[in-house]
file target.tsv (TSV, C-alpha atoms)
chain	number	residue	atom	x	y	z
Q	1	MET	CA	0.00	0.00	0.00
Q	2	GLY	CA	2.88	2.36	0.66
Q	3	LYS	CA	3.96	2.23	-2.97
Q	4	VAL	CA	0.40	2.82	-4.16
Q	5	LEU	CA	0.03	5.87	-1.93
Q	6	LYS	CA	3.38	7.20	-3.09
Q	7	TYR	CA	2.23	6.76	-6.65
Q	8	GLN	CA	-0.94	8.76	-6.15
Q	9	ALA	CA	1.10	11.93	-6.66
Q	10	HIS	CA	2.55	10.62	-9.92
Q	11	ARG	CA	1.42	8.89	-13.08
Q	12	PHE	CA	-0.61	6.08	-14.56
Q	13	SER	CA	-1.44	6.69	-18.19
Q	14	VAL	CA	-2.83	5.16	-21.35
Q	15	ALA	CA	-0.41	5.48	-24.25
Q	16	PRO	CA	-1.06	7.59	-27.34
Q	17	MET	CA	-1.77	5.18	-30.20
Q	18	MET	CA	-2.34	6.32	-33.77
Q	19	ASP	CA	-5.85	5.58	-35.07
Q	20	TRP	CA	-6.84	4.19	-31.67
Q	21	THR	CA	-6.81	6.71	-28.82
Q	22	ASP	CA	-9.11	9.20	-30.51
Q	23	ARG	CA	-11.62	11.36	-28.65
Q	24	HIS	CA	-14.23	8.56	-28.60
Q	25	CYS	CA	-11.78	6.06	-27.15
Q	26	ARG	CA	-10.73	8.49	-24.44
Q	27	SER	CA	-14.32	9.02	-23.33
Q	28	LEU	CA	-14.75	5.25	-22.95
Q	29	HIS	CA	-11.52	4.97	-20.98
Q	30	ARG	CA	-12.46	7.86	-18.72
Q	31	GLY	CA	-15.55	5.94	-17.65
Q	32	LEU	CA	-13.28	3.14	-16.45
Q	33	SER	CA	-10.82	5.28	-14.48
Q	34	SER	CA	-11.23	8.77	-13.07
Q	35	ARG	CA	-7.49	9.21	-12.46
Q	36	ALA	CA	-5.56	7.66	-15.35
Q	37	LEU	CA	-3.94	10.26	-17.58
Q	38	LEU	CA	-5.24	9.89	-21.13
Q	39	TYR	CA	-3.31	10.92	-24.24
Q	40	THR	CA	-4.36	12.04	-27.67
Q	41	GLU	CA	-3.04	10.36	-30.75
Q	42	MET	CA	0.17	12.03	-31.85
Q	43	VAL	CA	-0.57	15.19	-33.86
Q	44	THR	CA	2.14	17.05	-35.72
Q	45	SER	CA	2.91	20.61	-34.77
Q	46	GLY	CA	2.43	21.69	-38.38
Q	47	ALA	CA	-1.06	20.20	-38.52
Q	48	VAL	CA	-2.04	21.94	-35.30
Q	49	VAL	CA	-0.71	25.31	-36.47
Q	50	HIS	CA	-2.05	25.15	-40.03
Q	51	GLY	CA	-4.85	22.56	-40.00
Q	52	ASP	CA	-8.37	22.00	-38.66
Q	53	ARG	CA	-7.76	22.54	-34.96
Q	54	ASN	CA	-11.21	21.54	-33.81
Q	55	LYS	CA	-10.92	18.23	-35.65
Q	56	LEU	CA	-7.41	17.58	-34.34
Q	57	LEU	CA	-7.77	18.86	-30.79
Q	58	GLY	CA	-11.48	18.88	-29.97
Q	59	TYR	CA	-12.56	16.59	-27.14
Q	60	ASP	CA	-15.26	16.09	-24.54
Q	61	PRO	CA	-14.48	18.05	-21.35
Q	62	GLY	CA	-15.26	14.96	-19.29
Q	63	GLN	CA	-11.96	13.44	-20.44
Q	64	HIS	CA	-9.72	15.37	-18.03
Q	65	PRO	CA	-6.98	14.77	-17.13
Q	66	VAL	CA	-5.88	14.55	-20.76
Q	67	ALA	CA	-2.54	15.25	-22.44
Q	68	VAL	CA	-1.81	16.20	-26.03
Q	69	GLN	CA	1.12	14.50	-27.74
Q	70	LEU	CA	2.91	16.54	-30.39
Q	71	GLY	CA	5.27	15.42	-33.10
Q	72	GLY	CA	7.79	17.80	-34.58
Q	73	SER	CA	11.32	19.19	-34.47
Q	74	ASP	CA	10.90	22.92	-35.08
Q	75	PRO	CA	11.09	24.63	-31.67
Q	76	ALA	CA	9.12	27.72	-32.71
Q	77	GLU	CA	6.37	25.72	-34.38
Q	78	LEU	CA	6.16	23.32	-31.42
Q	79	ALA	CA	5.86	26.26	-29.06
Q	80	GLN	CA	3.01	27.68	-31.12
Q	81	ALA	CA	1.26	24.30	-31.26
Q	82	ALA	CA	1.70	23.89	-27.51
Q	83	ARG	CA	0.08	27.26	-26.84
Q	84	ILE	CA	-2.85	26.31	-29.05
Q	85	ALA	CA	-3.25	23.00	-27.21
Q	86	GLU	CA	-3.14	24.75	-23.85
Q	87	ASP	CA	-5.86	27.12	-25.05
Q	88	TYR	CA	-7.97	24.02	-25.78
Q	89	GLY	CA	-7.58	23.05	-22.12
Q	90	TYR	CA	-5.11	20.17	-22.30
Q	91	ASP	CA	-3.49	19.31	-18.99
Q	92	GLU	CA	-0.06	18.43	-20.39
Q	93	VAL	CA	1.98	18.78	-23.58
Q	94	ASN	CA	4.10	15.77	-24.48
Q	95	LEU	CA	6.71	15.49	-27.24
Q	96	ASN	CA	6.98	12.21	-29.14
Q	97	VAL	CA	10.59	11.02	-29.37
Q	98	GLY	CA	9.67	7.37	-29.80
Q	99	CYS	CA	7.58	6.66	-32.91
Q	100	PRO	CA	9.65	4.69	-35.48
Q	101	SER	CA	7.45	4.88	-38.58
Q	102	ASP	CA	8.91	5.87	-41.95
Q	103	ARG	CA	6.47	8.77	-42.26
Q	104	VAL	CA	7.60	10.14	-38.91
Q	105	GLN	CA	11.28	9.77	-39.81
Q	106	SER	CA	10.80	11.59	-43.10
Q	107	GLY	CA	9.37	14.49	-41.12
Q	108	ARG	CA	12.34	14.49	-38.74
Q	109	PHE	CA	10.41	13.70	-35.61
Q	110	GLY	CA	9.67	10.69	-33.46
Q	111	ALA	CA	12.35	8.14	-32.56
Q	112	CYS	CA	14.95	9.50	-34.98
Q	113	LEU	CA	15.29	12.47	-32.62
Q	114	MET	CA	17.02	10.17	-30.14
Q	115	ARG	CA	20.09	10.97	-32.29
Q	116	GLU	CA	19.64	14.71	-31.71
Q	117	PRO	CA	19.38	15.25	-27.95
Q	118	ASP	CA	20.39	18.90	-28.17
Q	119	LEU	CA	17.59	19.60	-30.64
Q	120	VAL	CA	15.11	17.76	-28.42
Q	121	ALA	CA	16.22	19.88	-25.46
Q	122	GLU	CA	15.79	23.02	-27.54
Q	123	CYS	CA	12.29	21.91	-28.55
Q	124	MET	CA	11.37	21.14	-24.96
Q	125	ALA	CA	12.69	24.46	-23.71
Q	126	ALA	CA	10.54	26.21	-26.31
Q	127	ILE	CA	7.44	24.23	-25.29
Q	128	LYS	CA	8.06	24.75	-21.59
Q	129	ASN	CA	8.47	28.49	-22.03
Q	130	ALA	CA	5.30	28.69	-24.10
Q	131	VAL	CA	2.85	27.05	-21.69
Q	132	ARG	CA	1.95	26.87	-18.02
Q	133	VAL	CA	0.96	23.19	-18.04
Q	134	PRO	CA	3.62	20.46	-17.68
Q	135	ALA	CA	5.85	19.77	-20.68
Q	136	THR	CA	7.00	16.14	-20.87
Q	137	VAL	CA	8.91	13.75	-23.14
Q	138	LYS	CA	8.08	10.22	-24.33
Q	139	CYS	CA	11.15	8.50	-25.71
Q	140	ARG	CA	12.86	5.18	-26.45
Q	141	ILE	CA	16.09	4.01	-24.82
Q	142	GLY	CA	17.87	4.47	-28.15
Q	143	VAL	CA	17.77	3.71	-31.86
Q	144	ASP	CA	19.71	1.40	-34.14
Q	145	ASP	CA	23.34	0.98	-33.01
Q	146	GLN	CA	23.23	3.56	-30.22
Q	147	ASP	CA	24.41	2.51	-26.79
Q	148	PRO	CA	21.18	2.66	-24.76
Q	149	GLU	CA	22.85	3.85	-21.57
Q	150	GLU	CA	24.52	6.72	-23.39
Q	151	SER	CA	21.57	7.68	-25.61
Q	152	LEU	CA	18.91	7.56	-22.89
Q	153	PHE	CA	20.89	9.35	-20.20
Q	154	THR	CA	22.14	11.96	-22.65
Q	155	LEU	CA	18.65	12.78	-23.90
Q	156	VAL	CA	17.22	12.95	-20.38
Q	157	ASP	CA	20.08	15.05	-19.03
Q	158	ARG	CA	19.89	17.54	-21.90
Q	159	CYS	CA	16.15	17.96	-21.41
Q	160	ALA	CA	16.49	18.15	-17.62
Q	161	ALA	CA	19.01	20.96	-18.07
Q	162	ALA	CA	16.30	22.76	-20.07
Q	163	GLY	CA	13.90	22.45	-17.14
Q	164	ILE	CA	12.01	19.26	-18.04
Q	165	ASP	CA	11.39	16.91	-15.13
Q	166	THR	CA	9.03	14.20	-16.44
Q	167	PHE	CA	9.87	11.42	-18.89
Q	168	VAL	CA	7.96	8.39	-20.15
Q	169	VAL	CA	10.45	5.80	-21.37
Q	170	HIS	CA	9.53	2.97	-23.74
Q	171	ALA	CA	12.09	0.45	-22.55
Q	172	ARG	CA	13.12	-0.77	-26.03
Q	173	LYS	CA	15.35	0.49	-28.76
Q	174	ALA	CA	13.71	1.38	-32.06
Q	175	TRP	CA	15.29	-0.03	-35.21
Q	176	LEU	CA	14.64	2.58	-37.86
Q	177	GLN	CA	15.85	0.38	-40.70
Q	178	GLY	CA	14.72	-3.22	-41.13
Q	179	LEU	CA	11.78	-3.37	-38.72
Q	180	SER	CA	8.23	-2.16	-39.22
Q	181	PRO	CA	6.50	-0.06	-36.55
Q	182	LYS	CA	4.62	-3.19	-35.44
Q	183	GLU	CA	7.84	-5.19	-35.18
Q	184	ASN	CA	9.42	-2.34	-33.24
Q	185	ARG	CA	6.77	-2.87	-30.57
Q	186	ASP	CA	7.73	-6.51	-30.05
Q	187	ILE	CA	11.12	-7.54	-31.42
Q	188	PRO	CA	13.72	-5.25	-29.76
Q	189	PRO	CA	14.29	-6.63	-26.26
Q	190	LEU	CA	12.92	-4.80	-23.27
Q	191	ASP	CA	15.44	-3.33	-20.83
Q	192	TYR	CA	13.40	-2.41	-17.79
Q	193	ALA	CA	16.52	-2.48	-15.62
Q	194	LEU	CA	17.96	0.49	-17.50
Q	195	VAL	CA	14.83	2.54	-16.81
Q	196	TYR	CA	14.95	1.56	-13.13
Q	197	ARG	CA	18.57	2.66	-13.07
Q	198	LEU	CA	17.65	5.98	-14.68
Q	199	LYS	CA	15.25	6.63	-11.82
Q	200	ARG	CA	17.81	5.60	-9.17
Q	201	GLU	CA	20.50	7.85	-10.62
Q	202	ARG	CA	18.18	10.77	-11.39
Q	203	PRO	CA	15.91	10.62	-8.31
Q	204	ALA	CA	14.65	14.20	-8.69
Q	205	LEU	CA	13.06	13.37	-12.05
Q	206	THR	CA	9.67	11.73	-12.56
Q	207	ILE	CA	10.24	8.58	-14.60
Q	208	ALA	CA	7.39	6.48	-16.00
Q	209	ILE	CA	7.96	3.17	-17.77
Q	210	ASN	CA	6.27	1.91	-20.93
Q	211	GLY	CA	6.53	-1.13	-23.17
Q	212	GLY	CA	5.18	-4.66	-22.82
Q	213	VAL	CA	3.09	-3.96	-19.72
Q	214	PRO	CA	0.18	-6.44	-19.96
Q	215	SER	CA	-1.81	-5.84	-16.77
Q	216	VAL	CA	-2.38	-3.84	-13.62
Q	217	ASP	CA	-0.41	-6.52	-11.73
Q	218	ALA	CA	2.59	-5.87	-13.99
Q	219	ALA	CA	2.20	-2.11	-13.53
Q	220	LEU	CA	2.31	-2.52	-9.75
Q	221	GLU	CA	5.48	-4.60	-10.07
Q	222	HIS	CA	7.15	-1.76	-11.96
Q	223	LEU	CA	6.11	0.70	-9.28
Q	224	ALA	CA	7.57	-1.62	-6.66
Q	225	ASN	CA	10.87	-1.37	-8.54
Q	226	GLY	CA	11.00	2.37	-7.95
Q	227	VAL	CA	9.68	4.14	-11.04
Q	228	ASP	CA	7.13	6.90	-10.55
Q	229	GLY	CA	4.62	5.82	-13.13
Q	230	VAL	CA	3.53	3.31	-15.73
Q	231	MET	CA	2.04	3.77	-19.17
Q	232	LEU	CA	-0.12	0.99	-20.61
Q	233	GLY	CA	-0.56	0.73	-24.35
Q	234	ARG	CA	-2.23	-2.04	-26.29
Q	235	ALA	CA	-3.30	-3.99	-23.22
Q	236	ALA	CA	-5.41	-1.03	-22.13
Q	237	TYR	CA	-7.00	-0.90	-25.57
Q	238	HIS	CA	-7.59	-4.57	-26.34
Q	239	GLU	CA	-8.65	-5.41	-22.79
Q	240	ALA	CA	-10.06	-2.04	-21.74
Q	241	GLY	CA	-11.88	-3.60	-18.79
Q	242	LEU	CA	-8.61	-3.84	-16.87
Q	243	LEU	CA	-8.68	-0.04	-16.52
Q	244	GLY	CA	-11.65	-0.49	-14.22
Q	245	GLU	CA	-9.24	-1.65	-11.49
Q	246	VAL	CA	-6.86	1.30	-11.69
Q	247	ASP	CA	-8.53	3.78	-9.34
Q	248	ARG	CA	-8.63	1.25	-6.51
Q	249	ARG	CA	-5.43	-0.72	-7.05
Q	250	VAL	CA	-3.06	1.95	-8.34
Q	251	PHE	CA	-4.38	5.16	-6.83
Q	252	GLY	CA	-5.60	3.60	-3.60
Q	253	LEU	CA	-9.10	5.08	-3.83
Q	254	ASP	CA	-11.86	3.57	-1.72
Q	255	VAL	CA	-14.06	2.79	-4.71
Q	256	ALA	CA	-15.50	-0.28	-6.36
Q	257	ASP	CA	-13.93	-1.50	-9.57
Q	258	VAL	CA	-15.80	-0.52	-12.75
Q	259	ASP	CA	-16.92	-3.65	-14.56
Q	260	SER	CA	-17.60	-3.80	-18.27
Q	261	PHE	CA	-21.36	-3.43	-17.94
Q	262	GLU	CA	-20.92	-0.28	-15.85
Q	263	ALA	CA	-18.37	1.04	-18.38
Q	264	VAL	CA	-20.96	0.73	-21.15
Q	265	GLU	CA	-23.55	2.56	-19.05
Q	266	ARG	CA	-21.10	5.38	-18.36
Q	267	TYR	CA	-20.26	5.61	-22.06
Q	268	ARG	CA	-23.93	5.62	-23.11
Q	269	PRO	CA	-24.61	9.37	-22.63
Q	270	TYR	CA	-21.56	10.18	-24.75
Q	271	LEU	CA	-22.73	7.73	-27.43
Q	272	ALA	CA	-26.18	9.33	-27.43
Q	273	ARG	CA	-24.80	12.88	-27.77
Q	274	GLU	CA	-22.46	11.93	-30.59
Q	275	LEU	CA	-25.11	9.93	-32.45
Q	276	ALA	CA	-27.38	12.96	-32.27
Q	277	ALA	CA	-24.54	15.07	-33.68
Q	278	GLY	CA	-24.16	12.71	-36.65
Q	279	THR	CA	-21.24	10.53	-35.55
Q	280	HIS	CA	-21.54	6.94	-36.82
Q	281	LEU	CA	-21.90	4.29	-34.14
Q	282	ALA	CA	-19.02	2.24	-35.57
Q	283	ALA	CA	-16.59	5.11	-35.01
Q	284	MET	CA	-17.30	4.82	-31.29
Q	285	SER	CA	-18.25	1.17	-30.77
Q	286	ARG	CA	-14.99	-0.12	-32.27
Q	287	HIS	CA	-13.23	0.96	-29.10
Q	288	MET	CA	-15.58	-1.20	-27.01
Q	289	LEU	CA	-14.81	-4.51	-28.68
Q	290	GLY	CA	-12.37	-5.68	-25.99
Q	291	LEU	CA	-14.53	-4.78	-23.00
Q	292	PHE	CA	-15.78	-8.31	-22.30
Q	293	HIS	CA	-12.51	-10.04	-23.14
Q	294	GLY	CA	-12.38	-13.53	-21.65
Q	295	LEU	CA	-16.05	-13.62	-20.63
Q	296	PRO	CA	-18.84	-15.78	-22.07
Q	297	GLY	CA	-20.56	-13.88	-24.84
Q	298	ALA	CA	-17.48	-11.85	-25.77
Q	299	ARG	CA	-17.50	-13.21	-29.32
Q	300	ALA	CA	-21.18	-12.38	-29.79
Q	301	TRP	CA	-20.55	-8.91	-28.34
Q	302	ARG	CA	-17.83	-8.26	-30.90
Q	303	ARG	CA	-19.80	-9.74	-33.78
Q	304	ILE	CA	-22.94	-7.70	-33.15
Q	305	LEU	CA	-21.06	-4.44	-32.71
Q	306	THR	CA	-18.90	-5.11	-35.76
Q	307	VAL	CA	-21.62	-6.34	-38.14
Q	308	GLU	CA	-24.57	-4.27	-36.99
Q	309	GLY	CA	-22.67	-1.18	-35.88
Q	310	VAL	CA	-21.51	-0.29	-39.38
Q	311	LYS	CA	-25.03	-0.22	-40.85
Q	312	SER	CA	-26.63	3.08	-41.74
Q	313	GLY	CA	-28.69	4.42	-38.84
Q	314	ALA	CA	-27.14	2.06	-36.27
Q	315	GLY	CA	-27.88	3.34	-32.78
Q	316	LEU	CA	-27.95	2.42	-29.11
Q	317	ASP	CA	-30.27	-0.51	-29.86
Q	318	VAL	CA	-27.25	-2.28	-31.38
Q	319	VAL	CA	-25.31	-1.84	-28.14
Q	320	ASP	CA	-28.32	-3.15	-26.20
Q	321	ARG	CA	-28.55	-6.28	-28.36
Q	322	ALA	CA	-24.85	-6.91	-27.87
Q	323	LEU	CA	-25.23	-6.51	-24.09
Q	324	ASP	CA	-28.19	-8.92	-24.11
Q	325	ALA	CA	-26.02	-11.51	-25.85
Q	326	VAL	CA	-23.39	-11.24	-23.13
Q	327	ARG	CA	-25.99	-11.46	-20.36
Q	328	ALA	CA	-27.54	-14.55	-22.00
Q	329	ALA	CA	-24.15	-16.25	-22.24
Q	330	LEU	CA	-23.37	-15.48	-18.60
Q	331	ALA	CA	-26.78	-16.78	-17.49
Q	332	SER	CA	-26.25	-19.96	-19.48
Q	333	ARG	CA	-22.90	-20.53	-17.80
Q	334	GLU	CA	-24.44	-20.02	-14.37
Q	335	GLU	CA	-27.22	-22.50	-15.16
Q	336	ARG	CA	-24.68	-25.12	-16.22
Q	337	SER	CA	-22.70	-24.59	-13.03
Q	338	VAL	CA	-25.68	-25.21	-10.71
Q	339	PRO	CA	-25.61	-28.86	-9.55
Q	340	ALA	CA	-28.69	-30.93	-10.21
Q	341	ALA	CA	-31.04	-31.43	-7.22

call {"tool": "encode", "arguments": {"input": "target.tsv", "output": "structure tokens"}}
result
Amino acid sequence: MGKVLKYQAHRFSVAPMMDWTDRHCRSLHRGLSSRALLYTEMVTSGAVVHGDRNKLLGYDPGQHPVAVQLGGSDPAELAQAARIAEDYGYDEVNLNVGCPSDRVQSGRFGACLMREPDLVAECMAAIKNAVRVPATVKCRIGVDDQDPEESLFTLVDRCAAAGIDTFVVHARKAWLQGLSPKENRDIPPLDYALVYRLKRERPALTIAINGGVPSVDAALEHLANGVDGVMLGRAAYHEAGLLGEVDRRVFGLDVADVDSFEAVERYRPYLARELAAGTHLAAMSRHMLGLFHGLPGARAWRRILTVEGVKSGAGLDVVDRALDAVRAALASREERSVPAA
């Protein structure tokens, strides 16, 4: 319990994931945890400055606390984008120094910036000076043939000298040549020990760990090893129900866990508002597919939402039919488990 209480002042977050953690997804996740820090998908500074800001940055105010993640390498443009995001009410501005995709590399941002720690520090100084909310970094431990100890500590120290005190570290290298973004999430080995060491040797900094964290149990193990926070990625998306344990187990709140049925009920008012505004059900229901993972009826839940949710005019009745299928499967299991008289 001591570690949980210590952690209350720090971080548990859901990773920014392109095409996944959109504004609909974040509203679902907020219903599962009141405390977890939610992130936007990465948005480039150029798009924020020159593009459709409401489309890129708009969100439901019930999502707080929520952070915007920017991609870019132009300090002045990043500062301008950060100010715009702060005006939209975001609680944190985070710079992506970890994405390994070819598109990101061609734009000179993401993981390739691990090779340019001085530029990253300059970018972070510009962001920090532009906003009042926290400015943070999400990075890898290195790229390609870099020595992870040297690359990680150098990047962190340069940014710390610029006044940055919070880092989320994906505990893998990124291989910019030869591996796809998907392979970069799984193939490079995890080096959690290096991130633990970073925290031990830079105790004044807030260090959160990311990469290969499959459960709340695993998150608590990382906290027990001394880091200040944990970021969950795909586990939180594909098995979103696990977020329902976070307020109690991680933040130590005296609250009941949020089960998947309750999560749907909490999401329902958002679904209704968005449907009335013209949003298609499938754009929102796709984030719910993993809610009943491992339970009877989970397959029927996914099938109904997937097949029926894409039809023109699909509404809350589709969600209700999917819920009924799960309840029927659970009731059937209970009937089978009752011994005969």

call {"tool": "residues_around", "arguments": {"input": "target.tsv", "residues": "region 191-207 of chain Q", "least_positions_apart": "4", "cutoff": "7 Å", "atoms": "only C-alpha atoms", "output": "ChimeraX atom specification"}}
result
/Q:165-168,171-172,225-229

call {"tool": "closest_residue", "arguments": {"input": "target.tsv", "among": "Q:Met18, Q:Cys123, Q:Met284, Q:Met114", "to": "Tyr270 (chain Q)", "atoms": "only C-alpha atoms"}}
result
Q:Met284

call {"tool": "closest_residue", "arguments": {"input": "target.tsv", "among": "Q:Ala240, Q:Val131, Q:Val97, Q:Leu176", "to": "Gln146 (chain Q)", "atoms": "only C-alpha atoms"}}
result
Q:Leu176

call {"tool": "closest_residue", "arguments": {"input": "target.tsv", "among": "Q:Glu221, Q:Arg53, Q:Gly98, Q:Tyr39", "to": "Val169 (chain Q)", "atoms": "only C-alpha atoms"}}
result
Q:Gly98

call {"tool": "residues_near_point", "arguments": {"input": "target.tsv", "point": "(5.3, 0.1, -24.9)", "cutoff": "10 Å", "atoms": "all atoms listed in the file", "output": "PDB file with C-alpha atoms, in the coordinates of the input"}}
result
ATOM      1  CA  ALA Q  15      -0.410   5.480 -24.250  1.00  0.00           C
ATOM      2  CA  GLY Q  98       9.670   7.370 -29.800  1.00  0.00           C
ATOM      3  CA  ARG Q 140      12.860   5.180 -26.450  1.00  0.00           C
ATOM      4  CA  VAL Q 168       7.960   8.390 -20.150  1.00  0.00           C
ATOM      5  CA  VAL Q 169      10.450   5.800 -21.370  1.00  0.00           C
ATOM      6  CA  HIS Q 170       9.530   2.970 -23.740  1.00  0.00           C
ATOM      7  CA  ALA Q 171      12.090   0.450 -22.550  1.00  0.00           C
ATOM      8  CA  ARG Q 172      13.120  -0.770 -26.030  1.00  0.00           C
ATOM      9  CA  ASN Q 184       9.420  -2.340 -33.240  1.00  0.00           C
ATOM     10  CA  ARG Q 185       6.770  -2.870 -30.570  1.00  0.00           C
ATOM     11  CA  ASP Q 186       7.730  -6.510 -30.050  1.00  0.00           C
ATOM     12  CA  LEU Q 190      12.920  -4.800 -23.270  1.00  0.00           C
ATOM     13  CA  ILE Q 209       7.960   3.170 -17.770  1.00  0.00           C
ATOM     14  CA  ASN Q 210       6.270   1.910 -20.930  1.00  0.00           C
ATOM     15  CA  GLY Q 211       6.530  -1.130 -23.170  1.00  0.00           C
ATOM     16  CA  GLY Q 212       5.180  -4.660 -22.820  1.00  0.00           C
ATOM     17  CA  VAL Q 213       3.090  -3.960 -19.720  1.00  0.00           C
ATOM     18  CA  PRO Q 214       0.180  -6.440 -19.960  1.00  0.00           C
ATOM     19  CA  VAL Q 230       3.530   3.310 -15.730  1.00  0.00           C
ATOM     20  CA  MET Q 231       2.040   3.770 -19.170  1.00  0.00           C
ATOM     21  CA  LEU Q 232      -0.120   0.990 -20.610  1.00  0.00           C
ATOM     22  CA  GLY Q 233      -0.560   0.730 -24.350  1.00  0.00           C
ATOM     23  CA  ARG Q 234      -2.230  -2.040 -26.290  1.00  0.00           C
ATOM     24  CA  ALA Q 235      -3.300  -3.990 -23.220  1.00  0.00           C
TER      25      ALA Q 235
END

call {"tool": "closest_atom_pairs", "arguments": {"input": "target.tsv", "of": "region 218-294 of chain Q", "to": "region 22-25 of chain Q", "cutoff": "10 Å", "atoms": "only C-alpha atoms", "output": "Markdown table"}}
result
| residue | atom | partner | partner_atom | distance |
| --- | --- | --- | --- | --- |
| Q:Tyr237 | CA | Q:Cys25 | CA | 8.6 |
| Q:Ala240 | CA | Q:Cys25 | CA | 9.9 |
| Q:Tyr267 | CA | Q:His24 | CA | 9.4 |
| Q:Tyr270 | CA | Q:His24 | CA | 8.4 |
| Q:Leu271 | CA | Q:His24 | CA | 8.6 |
| Q:Glu274 | CA | Q:His24 | CA | 9.1 |
| Q:Ala283 | CA | Q:His24 | CA | 7.7 |
| Q:Met284 | CA | Q:His24 | CA | 5.5 |
| Q:Ser285 | CA | Q:His24 | CA | 8.7 |
| Q:Arg286 | CA | Q:Cys25 | CA | 8.6 |
| Q:His287 | CA | Q:Cys25 | CA | 5.6 |
| Q:Met288 | CA | Q:Cys25 | CA | 8.2 |

call {"tool": "build_atoms", "arguments": {"input": "target.tsv", "residues": "region 297-302 of chain Q", "atoms": "all heavy atoms", "output": "CSV table (one decimal), in the coordinates of the input"}}
result
chain,number,residue,atom,x,y,z
Q,297,GLY,N,-19.8,-14.9,-24.1
Q,297,GLY,CA,-20.6,-13.9,-24.8
Q,297,GLY,C,-19.7,-12.8,-25.5
Q,297,GLY,O,-20.2,-12.0,-26.2
Q,298,ALA,N,-18.4,-12.9,-25.2
Q,298,ALA,CA,-17.5,-11.8,-25.8
Q,298,ALA,C,-17.5,-11.9,-27.3
Q,298,ALA,O,-17.4,-10.8,-28.0
Q,298,ALA,CB,-16.1,-12.0,-25.2
Q,299,ARG,N,-17.5,-13.1,-27.9
Q,299,ARG,CA,-17.5,-13.2,-29.3
Q,299,ARG,C,-18.8,-12.6,-29.9
Q,299,ARG,O,-18.7,-11.9,-30.9
Q,299,ARG,CB,-17.3,-14.7,-29.7
Q,299,ARG,CG,-17.3,-14.9,-31.2
Q,299,ARG,CD,-17.0,-16.3,-31.6
Q,299,ARG,NE,-15.7,-16.8,-31.1
Q,299,ARG,CZ,-15.3,-18.0,-31.2
Q,299,ARG,NH1,-16.0,-18.9,-31.8
Q,299,ARG,NH2,-14.1,-18.3,-30.8
Q,300,ALA,N,-19.9,-12.9,-29.3
Q,300,ALA,CA,-21.2,-12.4,-29.8
Q,300,ALA,C,-21.2,-10.9,-29.6
Q,300,ALA,O,-21.7,-10.1,-30.5
Q,300,ALA,CB,-22.3,-13.0,-29.0
Q,301,TRP,N,-20.7,-10.4,-28.6
Q,301,TRP,CA,-20.6,-8.9,-28.3
Q,301,TRP,C,-19.8,-8.3,-29.5
Q,301,TRP,O,-20.2,-7.3,-30.1
Q,301,TRP,CB,-19.9,-8.7,-27.0
Q,301,TRP,CG,-19.3,-7.3,-26.8
Q,301,TRP,CD1,-18.0,-6.9,-26.9
Q,301,TRP,CD2,-20.0,-6.1,-26.3
Q,301,TRP,NE1,-17.9,-5.6,-26.6
Q,301,TRP,CE2,-19.1,-5.1,-26.2
Q,301,TRP,CE3,-21.4,-5.9,-26.0
Q,301,TRP,CZ2,-19.5,-3.8,-25.8
Q,301,TRP,CZ3,-21.7,-4.6,-25.6
Q,301,TRP,CH2,-20.8,-3.6,-25.5
Q,302,ARG,N,-18.6,-8.8,-29.8
Q,302,ARG,CA,-17.8,-8.3,-30.9
Q,302,ARG,C,-18.5,-8.4,-32.2
Q,302,ARG,O,-18.5,-7.4,-33.0
Q,302,ARG,CB,-16.5,-9.0,-30.9
Q,302,ARG,CG,-15.6,-8.7,-29.7
Q,302,ARG,CD,-14.2,-9.2,-30.0
Q,302,ARG,NE,-14.1,-10.6,-30.3
Q,302,ARG,CZ,-13.9,-11.6,-29.4
Q,302,ARG,NH1,-13.9,-11.3,-28.1
Q,302,ARG,NH2,-13.9,-12.8,-29.7
